[in-house]
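*Asks:* First, the structure itself, so that you have it in front of you.
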Amino acid sequence: MNRPVRAIALFAALLLTPMASTAYAQGYPNKPIRLVVPYSPGGVVDYIGRTLAQSLTETMGQAVVAENRPGAGGILGTDTVARSLPDGYSVVIMDPAIVINPTLQPSMPYDLFKQLEIVSIVSSSPLVLVVAPDLPVKNFAELAAYGKANPGKLNFASAGIGTTPHLSGEMLKQRTGADAMHIPYKGIAASYTDMMSGKIQFSFSSIAGALPFTKDNRVKAIATTGAKRNSVYPDLPTVLESGASGFEVDLWLGIFAPAGLPADVRDKLSGALTTVLAKPDLKTAFAKVGAEPRGTTPAEAATILKREYEKWKTVIVEGKIKKDD
Amino acid sequence: MDVFSNIALGFHVALSLQNIGYCFIGVLLGTVVGVLPGIGPVTTVAMLLPISFTLTPESALIMLAGIYYGAQYGGSTTAILVNIPGEASSVVTTIDGHKMAGLGRAGPALGIAAIGSFFAGCTSTLLISFAAPPLAAVALKFGPSEYFSLMVCGLIAAIVLARGSVVKAIAMVVIGLLLGIAGTDINSGIRRFTFDFRGLADGIEFVALSMGIYGLADVAYNLQKTEEKAGLVHEIGRIWPSWADLKLSTPSILRGTALGSILGVLPGGGALLAAFAAYTLEKKVAKPPRHFGEGDIRGVAAPEAANNAGAQTSFIPMLTLGIPSNPTMALMIGALMIHGISPGPGVMNERPEMFWGIIASMWIGNLMLVILNLPLVGLWVKLLSVPYRLLFPAIIVFCCIGTYAVNRNPFDMYVMAFAAVFGYLCLKLDCEPAPLILGFVLGPMMEENLRRTLLLSRGDVSILVTEPISLGFLIISALLLLVVAAPFIRRKREEALRE
Amino acid sequence: MKIKAEKEFWSGLMFLAFAVVAIVMSRGYSLGRAGQMGPGYFPLALGVLLAFLGAITISQSFVKEGEKLDALRLGPLLTTALSVVLFGLLIEVAGLVISVALVIAILGIGLRSATWLELTALTVGLIVFAIAVFVFALQLPLPIWPTV
């Protein structure tokens, strides 16, 4: 390190130390809260995060600022929060990738269950199963049967290895014995051209991604993957309804904080989230991207988190999807 | 005809006081972020997305679209003045544009860029209004094999474009492809060439790479000259392009517009390919061909027209198919979704006021841009008379802030520093970096599409030549290769005969 | 043998260096089959092609007359690169104001081109302009002051 660098580091350290230690003293929150969105602006996570930040600002009387920290499939942004002080001023909003990554990645910069704690699950949204227009299947069971009877005929698209759409397809193969080849795309939108021309036969897509194409039947939507039917596709049966027991995929979003949050801070934060998530205008806002507000307690959220972790771990291990090096 | 009543409807929407206002805000912001190094339309549109939710969908889209094509005008400014391409598509503009600035012809370069962009913008918008659906059908014909062959074609065009040794140009393309591969492989999820840096997990940030190779390397190179000669004096010549310039550039602008309009429709690198292809075409077709690479005004006019035409027509797949051709378009689809509109073939009938309103606003926006940019030319040119000892720290600081603002990832600074060193070596060794940039951008797409082609065909390579469009591109590639190799072979034969 | 074209020779060497890195590293990734190309296939192929191109460039440099390489002056280059690295190290902890001031100070000291008065005025001007444009006009949440 050259001299000016060291000098400024020292100067910065002197400046920062007193600020850090006084942060606990007064009632929470007494300064702006940083809500990290570990993805690029413009996606569903970004939209939900920003909507939430805006509502929280009104409720908590302190600015909650959404901040995009994209990179490495959400790992970079989550890591900045995992390494922050557990004072409730740094939180991150994250999707199921947070429970998939520890199994999938050869190395992680943080330990999900030791360095982070979940405050609440804030939203749920199913994936929608879409098929090419000329594929002769009308529901989930027929798709599974078709895949079983015609090995090598089905291709399914995803937004990349280890994404929820990919693992859902793997789960379909594992649970039903259907054969299908995984074709990854950079972003699910790019796969629709190939699906419309019949090169891709099906995909599990986010509702926001599928809507423009299913609305005018350029691709067929045949099922949603939630516990119950979704308000965007009220006529579509769930995969559960078609008899595939336990086949439930939820693109939930959760708020995470660094582990070791003081109890009163955690309660205040989760309380504020519950209040905000009960508001009707938030329900309307979430519905635009096919999501429903939830608002669980930290304990409930932790149980769900553990269950999701195990569910995807099984799929990854059984499908031998783990990245090798 | 129906189109005319539609266009009338569009102007009715776009000419409301409110929408003129949003259009102006859009093109103004676009110009600003286009001029600023680093931060581009994607970041800006993303930042304004939440604001756009509070507007009507027409106003929102008019404003966001204005940012996007406005940035295309602004991007050429820094490319010409300080050799910093604001966007991948202005990389080509630096080749002759920055040379022109060095010769004291920054004014005519900036002027012709604005005029070329204006003409291209208006013409291609006209094309959208008459031919959007059939053009969209072309985009639907493109599957993985077609994209792969198109990219092969584009890379070979990049070789034609470079000055000097063909072998070196090919090598630079290959280095670009390799740099582009760094990051997480989408087919296997494995991280390649990341040297265990998590900051490289998503690959090398384009902005950091191009700022380093172009802007910073150029600064270091100039500083060295200043050490030798004490003082780098930029002459300020005339501010406007002369009639002779205009006459010389007109055919180039026409060709650039045509090429850009067609390639822009194709998702994924269409507009970028357009700029490269337009330059290559000029180098081979324009008469007399003598000055390319040394500050030829046609080397600015054609690619600038092409990239602006491409920017305009890249709205076609977004509006009529719901398929984003680049990240900015993906954000606009997001904006529409929040307003409850799903872009697709139905949008023209369901929301004609929005569809035609946006198209009409593009004419208005392009007019605003040319009115905004032409007077600015005088100001920009004056900027070059700022002593270099004050200008260069400003360039470096703006490169840093601009690049940091894109991802807020400090790692990008280290990439940029590394790229600066590499770019400096390239300057010293006469290795043209433009083919590298094209390879860098197309590399990952090319590999992705090749592997996808083979996955879908279950390993059958022959699909590349049995699909007619794909075969067509491969034939063009072969012809281009012949064009490159012909002088070389002829020379060899003459040498052999002499012996 | 004598090198006749120095620029060609060193370019070739640079290509070879890239090729070696590419080939060595892609051996760590699985090659796959032609039908299902592994992650190592494409980079290995490119590495081999690049090595070949590098070899041609070097061999040509012994045959064809070419330009001499003029002296490298690393001072300005390294000062530029270091100031950028410094900005990356500082921006998140020290904020925009201190980072910009230090970058300009380094450039001023390293290159001794402008007077202190000029540098101070430039620093103030750039900081005010940057905050006005990036933070206020474009609403980018950049850290201005030191933060935790």
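Every chain in the structure tokens has a letter given in the order shown (A, B, ...), and although residue numbers restart at 1 in each chain, ligands are simply numbered from 1 in the order shown.
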Please produce, as CSV, a per-residue contact table for chain C versus chain B (criterion: any atom at most 7 Å away, only C-alpha atoms considered), showing the nearest atom pair and its distance in Å to one decimal, sorted by chain then residue number.

*Replies:*
```
residue,atom,partner,partner_atom,distance
C:Lys7,CA,B:Leu429,CA,5.1
C:Ser11,CA,B:Leu429,CA,6.0
C:Phe15,CA,B:Ala171,CA,6.9
C:Met25,CA,B:Phe193,CA,7.0
C:Ala34,CA,B:Gly459,CA,6.2
C:Gly35,CA,B:Gly459,CA,3.2
C:Gln36,CA,B:Leu455,CA,6.1
C:Met37,CA,B:Arg451,CA,6.3
C:Pro39,CA,B:Ser188,CA,6.7
C:Pro43,CA,B:Leu178,CA,6.4
C:Leu46,CA,B:Val174,CA,6.4
C:Leu50,CA,B:Ala171,CA,5.9
C:Leu53,CA,B:Ala171,CA,6.2
C:Arg73,CA,B:Gln224,CA,6.6
C:Pro76,CA,B:Ala220,CA,5.4
C:Leu77,CA,B:Ala220,CA,4.8
C:Thr80,CA,B:Ala220,CA,6.7
C:Ala81,CA,B:Ala417,CA,4.6
C:Val84,CA,B:Ala417,CA,6.0
C:Val85,CA,B:Tyr414,CA,5.4
C:Gly88,CA,B:Pro410,CA,4.6
C:Leu89,CA,B:Pro410,CA,6.9
C:Val100,CA,B:Val397,CA,6.7
C:Ile104,CA,B:Pro393,CA,6.2
C:Leu107,CA,B:Pro393,CA,6.8
C:Ser113,CA,B:Arg389,CA,5.9
C:Ala114,CA,B:Arg389,CA,5.9
```

*Asks:* Just C-alpha atoms for this one: save the residues we selected as a CSV table (one decimal), in the first residue's frame.

*Replies:*
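Output below, filename again.csv:
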```
chain,number,residue,atom,x,y,z
C,7,LYS,CA,6.0,-4.6,-33.3
C,11,SER,CA,2.3,-8.7,-30.8
C,15,PHE,CA,-1.0,-13.5,-28.5
C,25,MET,CA,-7.1,-23.0,-18.0
C,34,ALA,CA,-19.3,-32.6,-30.2
C,35,GLY,CA,-23.1,-33.1,-29.6
C,36,GLN,CA,-22.9,-31.8,-26.1
C,37,MET,CA,-20.0,-29.4,-26.0
C,39,PRO,CA,-17.5,-25.7,-21.1
C,43,PRO,CA,-12.1,-21.8,-25.2
C,46,LEU,CA,-9.9,-20.6,-29.5
C,50,LEU,CA,-4.7,-18.0,-31.1
C,53,LEU,CA,-1.9,-17.0,-35.1
C,73,ARG,CA,7.2,5.1,-20.9
C,76,PRO,CA,2.0,8.0,-17.1
C,77,LEU,CA,0.4,4.6,-17.7
C,80,THR,CA,-3.3,6.4,-14.5
C,81,ALA,CA,-3.9,2.7,-13.6
C,84,VAL,CA,-8.2,4.1,-10.9
C,85,VAL,CA,-7.4,1.2,-8.5
C,88,GLY,CA,-12.0,1.4,-6.5
C,89,LEU,CA,-10.4,0.8,-3.0
C,100,VAL,CA,-12.0,12.2,-6.2
C,104,ILE,CA,-6.6,14.1,-8.6
C,107,LEU,CA,-2.4,12.3,-10.8
C,113,SER,CA,1.8,18.8,-14.9
C,114,ALA,CA,-0.6,21.3,-13.2
```

*Asks:* Report as a Markdown table: every residue of chain A with an atom at most 8 Å from chain B, its closest pair of atoms, and their distance in Å to one decimal, counting only C-alpha atoms, with rows sorted by chain and ascending residue number.

*Replies:*
```
| residue | atom | partner | partner_atom | distance |
| --- | --- | --- | --- | --- |
| A:Pro41 | CA | B:Ala46 | CA | 5.4 |
| A:Gly42 | CA | B:Leu331 | CA | 5.3 |
| A:Gly43 | CA | B:Gly334 | CA | 7.3 |
| A:Arg50 | CA | B:Pro50 | CA | 7.9 |
| A:Asn68 | CA | B:Asn407 | CA | 7.9 |
| A:Arg69 | CA | B:Asn407 | CA | 6.7 |
| A:Pro70 | CA | B:Asn407 | CA | 6.7 |
| A:Gly71 | CA | B:Asp202 | CA | 6.1 |
| A:Ala72 | CA | B:Ala201 | CA | 5.2 |
| A:Leu76 | CA | B:Arg198 | CA | 7.7 |
| A:Asn155 | CA | B:Leu456 | CA | 7.5 |
| A:Gly160 | CA | B:Ile186 | CA | 5.6 |
| A:Ile161 | CA | B:Gly189 | CA | 5.6 |
| A:Gly162 | CA | B:Gly189 | CA | 7.8 |
| A:Ile183 | CA | B:Arg452 | CA | 6.7 |
| A:Pro184 | CA | B:Asn187 | CA | 6.0 |
| A:Tyr185 | CA | B:Ile186 | CA | 7.2 |
| A:Lys186 | CA | B:Ile186 | CA | 7.2 |
| A:Ala189 | CA | B:Ile323 | CA | 6.4 |
| A:Ala190 | CA | B:Ile323 | CA | 6.9 |
| A:Tyr192 | CA | B:Ile323 | CA | 7.8 |
| A:Thr193 | CA | B:Leu140 | CA | 6.0 |
| A:Asp194 | CA | B:Gly143 | CA | 6.2 |
| A:Ser197 | CA | B:Leu140 | CA | 7.7 |
| A:Lys199 | CA | B:Leu456 | CA | 7.3 |
| A:Ala208 | CA | B:Met337 | CA | 7.4 |
| A:Leu211 | CA | B:Ser342 | CA | 6.8 |
| A:Pro212 | CA | B:Ser342 | CA | 4.5 |
| A:Phe213 | CA | B:Gly344 | CA | 7.3 |
| A:Lys215 | CA | B:Ser342 | CA | 7.8 |
| A:Asp216 | CA | B:Gly346 | CA | 7.4 |
| A:Lys288 | CA | B:Ile338 | CA | 5.7 |
| A:Val289 | CA | B:Ile338 | CA | 7.2 |
| A:Lys323 | CA | B:Ile190 | CA | 6.1 |
| A:Asp324 | CA | B:Ile190 | CA | 7.4 |
| A:Asp325 | CA | B:Ile190 | CA | 7.2 |
```

*Asks:* Each residue of chain C lying at most 12 Å from chain A should get a row with its shortest atom-to-atom pair and the distance in Å to one decimal, counting only C-alpha atoms; could you produce that, ordered by chain and increasing number, as a Markdown table?

*Replies:*
```
| residue | atom | partner | partner_atom | distance |
| --- | --- | --- | --- | --- |
| C:Gly28 | CA | A:Asp325 | CA | 8.7 |
| C:Tyr29 | CA | A:Asp325 | CA | 8.4 |
| C:Ser30 | CA | A:Asp324 | CA | 9.5 |
| C:Gln36 | CA | A:Ile183 | CA | 11.1 |
| C:Pro39 | CA | A:Asp324 | CA | 11.4 |
| C:Leu82 | CA | A:Asn2 | CA | 10.2 |
| C:Ser83 | CA | A:Val5 | CA | 10.4 |
| C:Val85 | CA | A:Val5 | CA | 10.6 |
| C:Leu86 | CA | A:Val5 | CA | 7.3 |
| C:Phe87 | CA | A:Val5 | CA | 10.0 |
| C:Gly88 | CA | A:Val5 | CA | 11.4 |
| C:Leu89 | CA | A:Val5 | CA | 8.6 |
| C:Leu90 | CA | A:Ala9 | CA | 8.0 |
| C:Ile91 | CA | A:Ala12 | CA | 11.1 |
| C:Glu92 | CA | A:Ala12 | CA | 10.7 |
| C:Val93 | CA | A:Ala12 | CA | 7.0 |
| C:Ala94 | CA | A:Ala12 | CA | 6.1 |
| C:Gly95 | CA | A:Ala12 | CA | 9.7 |
| C:Ile98 | CA | A:Ile8 | CA | 8.5 |
| C:Ser99 | CA | A:Ile8 | CA | 9.2 |
| C:Ala101 | CA | A:Ile8 | CA | 11.1 |
| C:Leu102 | CA | A:Pro4 | CA | 8.0 |
| C:Val103 | CA | A:Pro4 | CA | 10.1 |
| C:Ala105 | CA | A:Pro4 | CA | 9.5 |
| C:Ile106 | CA | A:Pro4 | CA | 8.5 |
| C:Ile109 | CA | A:Pro4 | CA | 11.2 |
| C:Gln139 | CA | A:Glu67 | CA | 11.8 |
| C:Leu140 | CA | A:Glu67 | CA | 9.7 |
| C:Pro141 | CA | A:Glu67 | CA | 7.7 |
| C:Leu142 | CA | A:Glu67 | CA | 10.1 |
| C:Pro143 | CA | A:Glu67 | CA | 11.6 |
| C:Trp145 | CA | A:Ala12 | CA | 10.1 |
| C:Pro146 | CA | A:Ala12 | CA | 6.9 |
| C:Thr147 | CA | A:Leu16 | CA | 6.9 |
| C:Val148 | CA | A:Leu16 | CA | 6.3 |
```

*Asks:* Give the strand (DSSP E or B) residues of stretch 101-201 of chain A, as assigned by DSSP on the backbone, as a PyMOL selection string.

*Replies:* chain A and resi 116-124+126-131+155-158+181-184

*Asks:* Please, which residues of stretch 81-174 of chain A, numbered as in this document, come out helix (DSSP H, G or I) from DSSP, as an MDAnalysis selection string?

*Replies:* chainID A and resid 81:82 97:104 112:115 140:149 164:174

*Asks:* Need to verify the contact set: B:Ala275, 7 Å, only C-alpha atoms, exclusion of same-chain residues closer than 6 positions in sequence. Can you return it as an NGL selection string?

*Replies:* :B and (89 or 92 or 303-304 or 306-307)

*Asks:* Can you write out the residues you just picked, keeping N, CA, C and O atoms, as a JSON list (two decimals), in the first residue's frame?

*Replies:*
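Result file is selection-v6.json:
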```
[["chain", "number", "residue", "atom", "x", "y", "z"],
["B", 89, "SER", "N", -21.64, 0.31, -29.69],
["B", 89, "SER", "CA", -21.84, 0.67, -31.09],
["B", 89, "SER", "C", -21.04, 1.91, -31.49],
["B", 89, "SER", "O", -20.83, 2.15, -32.67],
["B", 92, "VAL", "N", -16.86, 1.87, -33.29],
["B", 92, "VAL", "CA", -16.45, 2.09, -34.67],
["B", 92, "VAL", "C", -16.23, 3.57, -34.95],
["B", 92, "VAL", "O", -15.36, 3.95, -35.73],
["B", 303, "PRO", "N", -21.39, 4.49, -39.80],
["B", 303, "PRO", "CA", -21.74, 3.76, -38.58],
["B", 303, "PRO", "C", -22.69, 4.53, -37.67],
["B", 303, "PRO", "O", -23.53, 3.92, -37.00],
["B", 304, "GLU", "N", -22.58, 5.85, -37.63],
["B", 304, "GLU", "CA", -23.50, 6.61, -36.77],
["B", 304, "GLU", "C", -24.92, 6.50, -37.29],
["B", 304, "GLU", "O", -25.87, 6.36, -36.52],
["B", 306, "ALA", "N", -26.01, 4.01, -39.07],
["B", 306, "ALA", "CA", -26.42, 2.61, -38.86],
["B", 306, "ALA", "C", -26.84, 2.37, -37.42],
["B", 306, "ALA", "O", -27.86, 1.74, -37.17],
["B", 307, "ASN", "N", -26.06, 2.89, -36.46],
["B", 307, "ASN", "CA", -26.43, 2.53, -35.09],
["B", 307, "ASN", "C", -27.69, 3.24, -34.64],
["B", 307, "ASN", "O", -28.46, 2.72, -33.86]]
```

*Asks:* Quick one: of A:Ala178, A:Leu56, A:Leu116, A:Leu236, who's nearest to A:Asp79, counting only C-alpha atoms?

*Replies:*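 Between A:Ala178, A:Leu56, A:Leu116, A:Leu236, the residue approaching A:Asp79 most closely is A:Leu116.
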
*Asks:* How far is it from atom CA of B:Glu353 to atom CA of A:Ser206, in Å with one decimal?

*Replies:* 28.7 Å

*Asks:* If you measure from atom CA of B:Arg238 to atom CA of B:Arg105, what distance in Å do you get, rounded to one decimal?

*Replies:*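 Calculated distance between atom CA of B:Arg238 and atom CA of B:Arg105 is 6.8 Å.
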